[in-house]
>>> print(open('my_file23.tsv').read())   # TSV, C-alpha atoms
chain	number	residue	atom	x	y	z
Y	1	MET	CA	0.87	-18.71	14.29
Y	2	ASN	CA	-0.19	-15.09	14.10
Y	3	GLU	CA	-3.60	-14.04	15.34
Y	4	THR	CA	-6.24	-13.69	12.61
Y	5	ILE	CA	-8.68	-10.84	13.21
Y	6	ALA	CA	-10.62	-10.69	9.92
Y	7	THR	CA	-11.59	-13.66	7.77
Y	8	ARG	CA	-13.64	-14.57	4.69
Y	9	LEU	CA	-12.32	-11.56	2.82
Y	10	ARG	CA	-11.90	-11.24	-0.95
Y	11	LEU	CA	-8.44	-10.02	-1.95
Y	12	PRO	CA	-7.83	-7.78	1.08
Y	13	SER	CA	-5.56	-4.90	0.12
Y	14	GLY	CA	-4.94	-1.48	1.67
Y	15	LEU	CA	-5.59	-0.94	5.36
Y	16	VAL	CA	-5.13	1.92	7.82
Y	17	ALA	CA	-5.62	2.36	11.56
Y	18	LEU	CA	-8.27	4.83	12.72
Y	19	PRO	CA	-7.80	7.19	15.68
Y	20	ASP	CA	-10.44	5.37	17.77
Y	21	GLY	CA	-8.67	1.99	17.54
Y	22	ARG	CA	-10.66	0.53	14.66
Y	23	PHE	CA	-9.14	-0.04	11.22
Y	24	ALA	CA	-10.31	0.48	7.64
Y	25	LEU	CA	-9.76	-2.18	4.97
Y	26	LEU	CA	-10.23	-2.42	1.22
Y	27	GLU	CA	-11.25	-5.54	-0.68
Y	28	MET	CA	-10.19	-5.65	-4.35
Y	29	ASP	CA	-12.14	-8.62	-5.62
Y	30	ALA	CA	-14.68	-7.80	-8.34
Y	31	SER	CA	-17.46	-9.24	-6.18
Y	32	ARG	CA	-16.85	-6.61	-3.50
Y	33	ARG	CA	-14.59	-3.64	-4.38
Y	34	CYS	CA	-15.47	-2.12	-1.05
Y	35	LEU	CA	-14.37	-0.21	2.03
Y	36	LYS	CA	-15.04	-1.77	5.43
Y	37	ILE	CA	-14.49	-0.58	9.00
Y	38	PHE	CA	-13.48	-3.25	11.52
Y	39	GLU	CA	-13.95	-3.09	15.28
Y	40	THR	CA	-11.29	-4.49	17.59
Y	41	SER	CA	-13.70	-7.39	18.22
Y	42	GLY	CA	-13.61	-8.35	14.53
Y	43	ALA	CA	-17.11	-7.09	13.79
Y	44	TYR	CA	-17.28	-4.92	10.71
Y	45	ARG	CA	-19.45	-2.53	8.76
Y	46	GLU	CA	-19.30	-2.02	5.01
Y	47	ILE	CA	-19.08	1.70	4.27
Y	48	CYS	CA	-19.48	1.64	0.50
Y	49	ARG	CA	-18.83	-0.17	-2.78
Y	50	ILE	CA	-16.12	1.89	-4.45
Y	51	GLY	CA	-15.81	0.15	-7.78
Y	52	GLY	CA	-12.58	-0.04	-9.75
Y	53	SER	CA	-9.85	-2.09	-8.09
Y	54	PRO	CA	-9.23	-0.39	-4.73
Y	55	SER	CA	-5.75	-1.18	-3.49
Y	56	GLY	CA	-4.33	1.68	-1.41
Y	57	ILE	CA	-5.79	3.80	1.38
Y	58	ALA	CA	-4.82	6.84	3.45
Y	59	LEU	CA	-6.71	8.81	6.08
Y	60	ASP	CA	-6.62	12.60	6.29
Y	61	GLY	CA	-7.15	14.83	9.32
Y	62	ASP	CA	-10.79	15.39	8.42
Y	63	GLY	CA	-11.56	11.69	8.76
Y	64	CYS	CA	-11.88	11.25	4.99
Y	65	PHE	CA	-10.52	8.26	3.11
Y	66	TRP	CA	-8.28	8.53	0.06
Y	67	ILE	CA	-8.51	5.45	-2.15
Y	68	ALA	CA	-6.01	4.46	-4.84
Y	69	GLY	CA	-7.60	2.37	-7.57
Y	70	GLY	CA	-11.12	3.77	-7.83
Y	71	PRO	CA	-13.28	3.60	-10.96
Y	72	GLU	CA	-11.28	3.97	-14.20
Y	73	ASN	CA	-8.00	3.73	-12.24
Y	74	SER	CA	-8.67	6.94	-10.36
Y	75	LEU	CA	-7.72	8.38	-6.98
Y	76	VAL	CA	-10.86	9.03	-4.93
Y	77	ARG	CA	-11.57	10.95	-1.74
Y	78	LEU	CA	-14.49	9.62	0.30
Y	79	SER	CA	-16.29	11.19	3.24
Y	80	PRO	CA	-16.37	9.18	6.50
Y	81	GLN	CA	-19.81	7.97	5.36
Y	82	GLY	CA	-18.48	6.83	1.96
Y	83	ARG	CA	-19.72	9.70	-0.21
Y	84	VAL	CA	-17.46	10.62	-3.15
Y	85	LEU	CA	-15.97	14.07	-2.57
Y	86	GLN	CA	-13.22	14.22	-5.16
Y	87	VAL	CA	-11.86	12.22	-8.10
Y	88	ILE	CA	-8.39	12.58	-9.68
Y	89	GLU	CA	-7.91	10.60	-12.88
Y	90	GLY	CA	-4.32	11.33	-13.84
Y	91	SER	CA	-1.61	13.89	-14.44
Y	92	ALA	CA	-0.83	16.25	-17.30
Y	93	ASP	CA	0.94	13.31	-18.95
Y	94	GLY	CA	-2.18	11.16	-19.09
Y	95	PRO	CA	-4.41	8.93	-16.96
Y	96	PHE	CA	-3.15	6.76	-14.13
Y	97	LEU	CA	-2.58	3.10	-15.08
Y	98	HIS	CA	-3.23	1.29	-11.80
Y	99	PRO	CA	-2.80	3.34	-8.58
Y	100	SER	CA	-1.32	1.20	-5.84
Y	101	ALA	CA	-0.48	2.80	-2.48
Y	102	LEU	CA	-0.77	6.14	-0.68
Y	103	ALA	CA	1.00	8.09	2.06
Y	104	PHE	CA	0.69	11.65	3.29
Y	105	GLY	CA	3.98	13.45	3.70
Y	106	PRO	CA	5.14	15.82	6.44
Y	107	ASP	CA	4.46	18.66	3.98
Y	108	GLY	CA	0.73	17.86	3.92
Y	109	LEU	CA	0.86	16.61	0.32
Y	110	LEU	CA	-0.26	13.18	-0.81
Y	111	TYR	CA	2.13	10.69	-2.42
Y	112	MET	CA	1.01	7.77	-4.55
Y	113	THR	CA	2.59	4.84	-6.36
Y	114	ASP	CA	1.16	3.67	-9.67
Y	115	SER	CA	2.07	0.08	-10.51
Y	116	GLY	CA	2.70	1.06	-14.12
Y	117	ILE	CA	0.46	-1.46	-15.83
Y	118	ARG	CA	-3.28	-1.79	-16.27
Y	119	LEU	CA	-4.75	-4.69	-14.35
Y	120	ASP	CA	-6.30	-6.10	-17.54
Y	121	ASP	CA	-2.80	-6.37	-19.02
Y	122	LEU	CA	-1.42	-8.12	-15.94
Y	123	LEU	CA	-4.14	-10.74	-15.61
Y	124	GLU	CA	-5.29	-13.53	-17.91
Y	125	GLY	CA	-8.45	-15.39	-17.00
Y	126	GLY	CA	-8.33	-13.95	-13.50
Y	127	HIS	CA	-4.76	-15.14	-12.92
Y	128	ILE	CA	-1.35	-13.50	-13.32
Y	129	HIS	CA	-0.29	-13.65	-16.95
Y	130	PRO	CA	2.58	-16.15	-17.36
Y	131	ASP	CA	4.65	-13.53	-19.19
Y	132	PHE	CA	4.04	-10.83	-16.57
Y	133	PHE	CA	7.75	-9.98	-16.29
Y	134	LYS	CA	7.95	-9.10	-19.99
Y	135	ALA	CA	5.11	-6.56	-19.88
Y	136	ALA	CA	5.75	-2.87	-20.56
Y	137	TYR	CA	5.73	-1.37	-17.07
Y	138	ASN	CA	5.99	2.32	-16.30
Y	139	GLY	CA	5.57	2.45	-12.56
Y	140	CYS	CA	5.51	5.97	-11.15
Y	141	VAL	CA	5.53	7.90	-7.91
Y	142	TYR	CA	3.31	10.98	-7.88
Y	143	GLN	CA	3.28	14.04	-5.65
Y	144	ILE	CA	-0.31	15.28	-5.36
Y	145	ASP	CA	-1.90	18.43	-3.97
Y	146	PRO	CA	-4.97	17.04	-2.19
Y	147	ALA	CA	-6.63	20.42	-1.70
Y	148	GLU	CA	-6.42	21.36	-5.37
Y	149	GLY	CA	-6.93	17.82	-6.60
Y	150	ARG	CA	-4.03	17.75	-9.03
Y	151	VAL	CA	-0.71	16.02	-9.61
Y	152	ILE	CA	2.16	18.39	-8.90
Y	153	ARG	CA	4.94	16.29	-10.35
Y	154	VAL	CA	6.23	12.81	-11.07
Y	155	LEU	CA	9.00	11.90	-8.64
Y	156	ALA	CA	9.96	8.58	-10.22
Y	157	ALA	CA	9.08	6.69	-13.41
Y	158	GLY	CA	9.96	3.49	-15.24
Y	159	LEU	CA	9.55	1.29	-12.16
Y	160	LEU	CA	8.71	-2.40	-12.59
Y	161	LEU	CA	5.48	-2.70	-10.60
Y	162	ALA	CA	5.70	0.17	-8.10
Y	163	SER	CA	3.94	-0.84	-4.91
Y	164	GLY	CA	4.34	0.28	-1.26
Y	165	ILE	CA	5.13	3.80	-0.10
Y	166	ALA	CA	6.05	5.32	3.28
Y	167	PHE	CA	7.92	8.16	5.01
Y	168	ASP	CA	10.50	7.77	7.75
Y	169	ALA	CA	10.67	10.06	10.78
Y	170	GLY	CA	13.11	12.35	8.98
Y	171	GLY	CA	10.77	12.92	6.04
Y	172	LEU	CA	12.59	10.76	3.48
Y	173	LEU	CA	10.33	8.99	0.98
Y	174	TYR	CA	10.55	5.22	0.40
Y	175	TYR	CA	8.83	3.08	-2.23
Y	176	SER	CA	9.05	-0.53	-3.35
Y	177	GLU	CA	9.56	-1.95	-6.84
Y	178	THR	CA	8.11	-5.44	-6.62
Y	179	LEU	CA	9.57	-7.25	-9.63
Y	180	THR	CA	13.18	-6.14	-9.09
Y	181	GLY	CA	13.09	-6.50	-5.30
Y	182	LYS	CA	14.36	-2.95	-4.86
Y	183	ILE	CA	13.25	-0.49	-2.21
Y	184	HIS	CA	14.17	3.05	-3.18
Y	185	ARG	CA	14.34	6.27	-1.21
Y	186	GLN	CA	14.71	9.93	-2.00
Y	187	VAL	CA	14.66	13.38	-0.56
Y	188	ILE	CA	11.45	14.76	-2.07
Y	189	GLY	CA	12.29	15.90	-5.57
Y	190	GLY	CA	15.88	14.69	-5.24
Y	191	ARG	CA	17.72	11.85	-6.84
Y	192	GLN	CA	16.39	8.34	-6.34
Y	193	GLU	CA	18.78	5.97	-4.54
Y	194	LEU	CA	18.66	2.28	-3.79
Y	195	PHE	CA	17.96	1.78	-0.08
Y	196	VAL	CA	17.96	-2.02	-0.01
Y	197	GLN	CA	17.83	-4.97	-2.40
Y	198	SER	CA	15.25	-7.21	-0.74
Y	199	MET	CA	15.63	-10.26	-3.04
Y	200	THR	CA	18.63	-12.06	-4.44
Y	201	SER	CA	17.07	-12.30	-7.91
Y	202	PRO	CA	14.19	-10.58	-9.74
Y	203	ALA	CA	10.69	-12.07	-9.91
Y	204	ILE	CA	10.80	-13.53	-13.42
Y	205	ASN	CA	8.69	-16.69	-13.18
Y	206	VAL	CA	6.52	-16.17	-10.09
Y	207	LEU	CA	5.07	-12.87	-8.90
Y	208	ARG	CA	6.80	-12.08	-5.63
Y	209	GLY	CA	8.64	-9.22	-4.01
Y	210	PRO	CA	8.41	-6.15	-1.78
Y	211	SER	CA	4.98	-4.63	-1.37
Y	212	GLY	CA	3.53	-2.61	1.55
Y	213	LEU	CA	5.82	-0.50	3.74
Y	214	ALA	CA	5.68	0.91	7.28
Y	215	PHE	CA	8.18	2.33	9.80
Y	216	ASP	CA	8.57	1.93	13.53
Y	217	ARG	CA	9.73	4.70	15.82
Y	218	THR	CA	13.35	3.53	15.85
Y	219	GLY	CA	13.65	3.90	12.08
Y	220	VAL	CA	13.29	0.23	11.14
Y	221	LEU	CA	11.43	-0.34	7.87
Y	222	TYR	CA	8.87	-3.16	7.70
Y	223	CYS	CA	8.17	-4.51	4.21
Y	224	ALA	CA	5.53	-7.08	3.28
Y	225	MET	CA	7.17	-9.60	0.97
Y	226	TYR	CA	4.38	-10.76	-1.33
Y	227	GLY	CA	4.73	-14.41	-2.39
Y	228	LEU	CA	7.43	-15.04	0.20
Y	229	GLY	CA	5.34	-15.16	3.37
Y	230	GLU	CA	7.22	-12.72	5.53
Y	231	ILE	CA	7.66	-9.16	6.72
Y	232	LEU	CA	11.24	-8.04	6.08
Y	233	LEU	CA	12.90	-5.73	8.64
Y	234	VAL	CA	15.52	-3.25	7.43
Y	235	ASP	CA	17.43	-0.81	9.65
Y	236	GLY	CA	18.17	2.83	8.84
Y	237	ASP	CA	21.41	1.92	7.08
Y	238	GLY	CA	19.63	-0.38	4.63
Y	239	LYS	CA	20.76	-3.57	6.37
Y	240	ARG	CA	18.35	-6.49	6.53
Y	241	THR	CA	18.06	-7.26	10.25
Y	242	GLY	CA	15.40	-9.94	10.39
Y	243	HIS	CA	11.98	-11.07	9.31
Y	244	ILE	CA	8.58	-11.96	10.72
Y	245	ARG	CA	6.79	-14.93	9.20
Y	246	THR	CA	3.19	-14.56	8.11
Y	247	ASN	CA	0.66	-17.41	8.18
Y	248	GLY	CA	0.01	-17.05	4.47
Y	249	SER	CA	2.47	-16.57	1.62
Y	250	ARG	CA	0.96	-13.39	0.15
Y	251	PRO	CA	1.18	-10.48	2.57
Y	252	GLY	CA	0.42	-7.34	0.61
Y	253	ASN	CA	-0.18	-4.32	2.83
Y	254	ILE	CA	0.78	-3.50	6.40
Y	255	ALA	CA	-0.16	-0.89	8.96
Y	256	PHE	CA	0.51	-0.34	12.64
Y	257	THR	CA	-2.41	-0.09	15.04
Y	258	ILE	CA	-3.03	3.40	16.35
Y	259	ASP	CA	-1.29	2.62	19.65
Y	260	GLY	CA	1.70	1.30	17.69
Y	261	LYS	CA	1.73	-2.01	19.54
Y	262	HIS	CA	0.65	-4.31	16.73
Y	263	LEU	CA	1.19	-4.75	13.03
Y	264	LEU	CA	-1.82	-5.46	10.81
Y	265	VAL	CA	-1.17	-7.43	7.61
Y	266	SER	CA	-3.60	-8.01	4.74
Y	267	GLU	CA	-2.81	-11.46	3.38
Y	268	GLN	CA	-4.22	-12.74	0.08
Y	269	GLU	CA	-3.48	-16.46	0.15
Y	270	ASN	CA	-5.91	-17.04	3.04
Y	271	ASP	CA	-7.87	-13.79	2.46
Y	272	VAL	CA	-7.47	-12.57	6.03
Y	273	VAL	CA	-5.95	-9.83	8.17
Y	274	GLU	CA	-3.21	-11.04	10.51
Y	275	LYS	CA	-2.32	-9.22	13.74
Y	276	ILE	CA	1.28	-9.39	14.94
Y	277	THR	CA	2.83	-8.00	18.13
Y	278	ALA	CA	5.24	-5.30	16.98
Y	279	PRO	CA	8.87	-5.63	18.09
Y	280	ARG	CA	8.93	-1.83	18.53
Y	281	PRO	CA	6.18	0.82	18.48
Y	282	GLY	CA	4.99	1.96	15.06
Y	283	LEU	CA	5.67	5.44	13.72
Y	284	PRO	CA	2.48	7.57	13.62
Y	285	LEU	CA	1.26	8.50	10.14
Y	286	HIS	CA	0.81	12.01	8.82
Y	287	MET	CA	-2.91	12.89	8.65
Y	288	PRO	CA	-3.20	16.53	7.53
Y	289	SER	CA	-6.47	18.42	7.44
Y	290	ILE	CA	-7.48	19.17	3.84
Y	291	SER	CA	-10.73	21.17	4.04
>>> encode(input="my_file23.tsv", output="structure tokens")
Amino acid sequence: MNETIATRLRLPSGLVALPDGRFALLEMDASRRCLKIFETSGAYREICRIGGSPSGIALDGDGCFWIAGGPENSLVRLSPQGRVLQVIEGSADGPFLHPSALAFGPDGLLYMTDSGIRLDDLLEGGHIHPDFFKAAYNGCVYQIDPAEGRVIRVLAAGLLLASGIAFDAGGLLYYSETLTGKIHRQVIGGRQELFVQSMTSPAINVLRGPSGLAFDRTGVLYCAMYGLGEILLVDGDGKRTGHIRTNGSRPGNIAFTIDGKHLLVSEQENDVVEKITAPRPGLPLHMPSIS
């Protein structure tokens, strides 16, 4: 069994390691919709109630938090104390549908996946709609200028529930498409290519598939497989090389600790954060200064 370092959560979602060894975590449930900071001891402090359906988080070099899934499906920048500094509601093509995950690139720009469907259209009575696979998805990947607060361009569209996003050490962009099981990659602005097919068949009857992404320093991709209870490991050639079991069946987001020695997993079946010893050190994230 993996160690559990945070319990009694409500739909834990995005998480990110902080430079001082703590980690920040979002809770999506309507009763909370908050940002919390956890100590290594497990003690925590709630920073603020964000609203919306906060799902993705990134940290910039100024110590500010970027939150995907703020009020009205927005992208929000928060000060370290939780004060709203900036709100981005969409692109020139229209408002975001349901922002999912965030990653800063080596170019200092911010990259975001949008699941491609409003949460109200995905849920029925608080549960996944039985015909979720037949919904009209338009999952996207956005390139965003954080300083100017605007979408620069859409890098991918038409994805079936776009989810996790990450950069490898060489600066290639990766993102997961949950319902098809595909993990794509691209040179920024280049042609999208299939990196790996993570499932043998699409998620037609039960919501499952690739979600959060992270890289280690050897180039291995770690992918949380929501509904399947594991972290999939994929080498730089797109070959599946192994997996790490999670205690619960719904791992959603993953992040390495700041020292790279452990993997943190937000898991929604048991509403906890699991801590796993990493097979190899995690790749540091880009955290550019914005102001």
>>> closest_residue(input="my_file23.tsv", among="Y:Val151, Y:Val272, Y:Ala24, Y:Leu179", to="Phe96 of chain Y", atoms="all atoms listed in the file")
Y:Val151
>>> closest_residue(input="my_file23.tsv", among="Y:Gly181, Y:Pro12, Y:Pro146, Y:Gly212", to="Leu110 of chain Y", atoms="all atoms listed in the file")
Y:Pro146
>>> residues_around(input="my_file23.tsv", residues="Tyr174 of chain Y", least_positions_apart="4", cutoff="9 Å", atoms="only C-alpha atoms", output="ChimeraX atom specification")
/Y:164-168,183-186,195,213
>>> closest_residue(input="my_file23.tsv", among="Y:Val187, Y:Leu194, Y:Val273, Y:Ala103", to="Leu11 of chain Y", atoms="all atoms listed in the file")
Y:Val273
>>> residues_around(input="my_file23.tsv", residues="Ala92 of chain Y", least_positions_apart="5", cutoff="10 Å", atoms="all atoms listed in the file", output="PyMOL selection string")
chain Y and resi 150-153
>>> closest_residue(input="my_file23.tsv", among="Y:Leu233, Y:Ile254, Y:Ala6, Y:Leu161", to="Ser176 of chain Y", atoms="only C-alpha atoms")
Y:Leu161
>>> atom_distance(input="my_file23.tsv", atom1="atom CA of Gly116 of chain Y", atom2="atom CA of Gln143 of chain Y")
15.5 Å
>>> atom_distance(input="my_file23.tsv", atom1="atom CA of His286 of chain Y", atom2="atom CA of Asp237 of chain Y")
23.0 Å
>>> residues_around(input="my_file23.tsv", residues="Gly229 of chain Y", least_positions_apart="2", cutoff="7 Å", atoms="only C-alpha atoms", output="ChimeraX atom specification")
/Y:225-227,245-246,248-251
>>> build_atoms(input="my_file23.tsv", residues="segment 223-253 of chain Y", atoms="N, CA and C atoms", output="PDB file, keeping the file's coordinate frame")
ATOM      1  N   CYS Y 223       8.612  -4.343   5.593  1.00  0.00           N
ATOM      2  CA  CYS Y 223       8.170  -4.510   4.210  1.00  0.00           C
ATOM      3  C   CYS Y 223       7.492  -5.849   4.035  1.00  0.00           C
ATOM      4  N   ALA Y 224       6.242  -5.833   3.581  1.00  0.00           N
ATOM      5  CA  ALA Y 224       5.530  -7.080   3.280  1.00  0.00           C
ATOM      6  C   ALA Y 224       6.116  -7.685   2.015  1.00  0.00           C
ATOM      7  N   MET Y 225       6.568  -8.916   2.106  1.00  0.00           N
ATOM      8  CA  MET Y 225       7.170  -9.600   0.970  1.00  0.00           C
ATOM      9  C   MET Y 225       6.135 -10.541   0.352  1.00  0.00           C
ATOM     10  N   TYR Y 226       5.448 -10.018  -0.652  1.00  0.00           N
ATOM     11  CA  TYR Y 226       4.380 -10.760  -1.330  1.00  0.00           C
ATOM     12  C   TYR Y 226       4.951 -12.014  -2.001  1.00  0.00           C
ATOM     13  N   GLY Y 227       4.278 -13.154  -1.792  1.00  0.00           N
ATOM     14  CA  GLY Y 227       4.730 -14.410  -2.390  1.00  0.00           C
ATOM     15  C   GLY Y 227       5.814 -15.109  -1.621  1.00  0.00           C
ATOM     16  N   LEU Y 228       6.331 -14.465  -0.575  1.00  0.00           N
ATOM     17  CA  LEU Y 228       7.430 -15.040   0.200  1.00  0.00           C
ATOM     18  C   LEU Y 228       7.041 -15.280   1.658  1.00  0.00           C
ATOM     19  N   GLY Y 229       5.860 -14.837   2.049  1.00  0.00           N
ATOM     20  CA  GLY Y 229       5.340 -15.160   3.370  1.00  0.00           C
ATOM     21  C   GLY Y 229       6.092 -14.580   4.538  1.00  0.00           C
ATOM     22  N   GLU Y 230       6.522 -13.329   4.406  1.00  0.00           N
ATOM     23  CA  GLU Y 230       7.220 -12.720   5.530  1.00  0.00           C
ATOM     24  C   GLU Y 230       7.159 -11.205   5.466  1.00  0.00           C
ATOM     25  N   ILE Y 231       7.450 -10.592   6.616  1.00  0.00           N
ATOM     26  CA  ILE Y 231       7.660  -9.160   6.720  1.00  0.00           C
ATOM     27  C   ILE Y 231       9.154  -8.958   6.926  1.00  0.00           C
ATOM     28  N   LEU Y 232       9.802  -8.294   6.003  1.00  0.00           N
ATOM     29  CA  LEU Y 232      11.240  -8.040   6.080  1.00  0.00           C
ATOM     30  C   LEU Y 232      11.495  -6.805   6.932  1.00  0.00           C
ATOM     31  N   LEU Y 233      12.506  -6.866   7.801  1.00  0.00           N
ATOM     32  CA  LEU Y 233      12.900  -5.730   8.640  1.00  0.00           C
ATOM     33  C   LEU Y 233      14.252  -5.211   8.147  1.00  0.00           C
ATOM     34  N   VAL Y 234      14.306  -3.893   7.954  1.00  0.00           N
ATOM     35  CA  VAL Y 234      15.520  -3.250   7.430  1.00  0.00           C
ATOM     36  C   VAL Y 234      15.844  -2.040   8.309  1.00  0.00           C
ATOM     37  N   ASP Y 235      17.084  -1.941   8.789  1.00  0.00           N
ATOM     38  CA  ASP Y 235      17.430  -0.810   9.650  1.00  0.00           C
ATOM     39  C   ASP Y 235      17.703   0.447   8.827  1.00  0.00           C
ATOM     40  N   GLY Y 236      18.007   1.552   9.501  1.00  0.00           N
ATOM     41  CA  GLY Y 236      18.170   2.830   8.840  1.00  0.00           C
ATOM     42  C   GLY Y 236      19.346   2.910   7.885  1.00  0.00           C
ATOM     43  N   ASP Y 237      20.269   1.956   7.980  1.00  0.00           N
ATOM     44  CA  ASP Y 237      21.410   1.920   7.080  1.00  0.00           C
ATOM     45  C   ASP Y 237      21.158   1.025   5.860  1.00  0.00           C
ATOM     46  N   GLY Y 238      19.953   0.498   5.756  1.00  0.00           N
ATOM     47  CA  GLY Y 238      19.630  -0.380   4.630  1.00  0.00           C
ATOM     48  C   GLY Y 238      20.085  -1.803   4.824  1.00  0.00           C
ATOM     49  N   LYS Y 239      20.334  -2.204   6.072  1.00  0.00           N
ATOM     50  CA  LYS Y 239      20.760  -3.570   6.370  1.00  0.00           C
ATOM     51  C   LYS Y 239      19.563  -4.404   6.778  1.00  0.00           C
ATOM     52  N   ARG Y 240      19.425  -5.571   6.163  1.00  0.00           N
ATOM     53  CA  ARG Y 240      18.350  -6.490   6.530  1.00  0.00           C
ATOM     54  C   ARG Y 240      18.663  -7.093   7.898  1.00  0.00           C
ATOM     55  N   THR Y 241      17.781  -6.861   8.870  1.00  0.00           N
ATOM     56  CA  THR Y 241      18.060  -7.260  10.250  1.00  0.00           C
ATOM     57  C   THR Y 241      17.203  -8.417  10.744  1.00  0.00           C
ATOM     58  N   GLY Y 242      16.234  -8.835   9.951  1.00  0.00           N
ATOM     59  CA  GLY Y 242      15.400  -9.940  10.390  1.00  0.00           C
ATOM     60  C   GLY Y 242      14.121 -10.021   9.591  1.00  0.00           C
ATOM     61  N   HIS Y 243      13.262 -10.944   9.977  1.00  0.00           N
ATOM     62  CA  HIS Y 243      11.980 -11.070   9.310  1.00  0.00           C
ATOM     63  C   HIS Y 243      10.961 -11.661  10.267  1.00  0.00           C
ATOM     64  N   ILE Y 244       9.693 -11.414   9.964  1.00  0.00           N
ATOM     65  CA  ILE Y 244       8.580 -11.960  10.720  1.00  0.00           C
ATOM     66  C   ILE Y 244       7.752 -12.803   9.766  1.00  0.00           C
ATOM     67  N   ARG Y 245       7.564 -14.061  10.078  1.00  0.00           N
ATOM     68  CA  ARG Y 245       6.790 -14.930   9.200  1.00  0.00           C
ATOM     69  C   ARG Y 245       5.305 -14.593   9.278  1.00  0.00           C
ATOM     70  N   THR Y 246       4.636 -14.695   8.138  1.00  0.00           N
ATOM     71  CA  THR Y 246       3.190 -14.560   8.110  1.00  0.00           C
ATOM     72  C   THR Y 246       2.577 -15.950   7.907  1.00  0.00           C
ATOM     73  N   ASN Y 247       1.322 -16.099   8.323  1.00  0.00           N
ATOM     74  CA  ASN Y 247       0.660 -17.410   8.180  1.00  0.00           C
ATOM     75  C   ASN Y 247       0.511 -17.796   6.720  1.00  0.00           C
ATOM     76  N   GLY Y 248       0.162 -16.815   5.891  1.00  0.00           N
ATOM     77  CA  GLY Y 248       0.010 -17.050   4.470  1.00  0.00           C
ATOM     78  C   GLY Y 248       1.198 -16.524   3.694  1.00  0.00           C
ATOM     79  N   SER Y 249       1.290 -16.916   2.426  1.00  0.00           N
ATOM     80  CA  SER Y 249       2.470 -16.570   1.620  1.00  0.00           C
ATOM     81  C   SER Y 249       2.343 -15.232   0.885  1.00  0.00           C
ATOM     82  N   ARG Y 250       1.164 -14.591   0.955  1.00  0.00           N
ATOM     83  CA  ARG Y 250       0.960 -13.390   0.150  1.00  0.00           C
ATOM     84  C   ARG Y 250       0.578 -12.157   0.962  1.00  0.00           C
ATOM     85  N   PRO Y 251       1.444 -11.742   1.882  1.00  0.00           N
ATOM     86  CA  PRO Y 251       1.180 -10.480   2.570  1.00  0.00           C
ATOM     87  C   PRO Y 251       1.341  -9.322   1.594  1.00  0.00           C
ATOM     88  N   GLY Y 252       0.358  -8.421   1.579  1.00  0.00           N
ATOM     89  CA  GLY Y 252       0.420  -7.340   0.610  1.00  0.00           C
ATOM     90  C   GLY Y 252       0.600  -5.969   1.210  1.00  0.00           C
ATOM     91  N   ASN Y 253      -0.242  -5.637   2.197  1.00  0.00           N
ATOM     92  CA  ASN Y 253      -0.180  -4.320   2.830  1.00  0.00           C
ATOM     93  C   ASN Y 253      -0.056  -4.464   4.329  1.00  0.00           C
TER      94      ASN Y 253
END
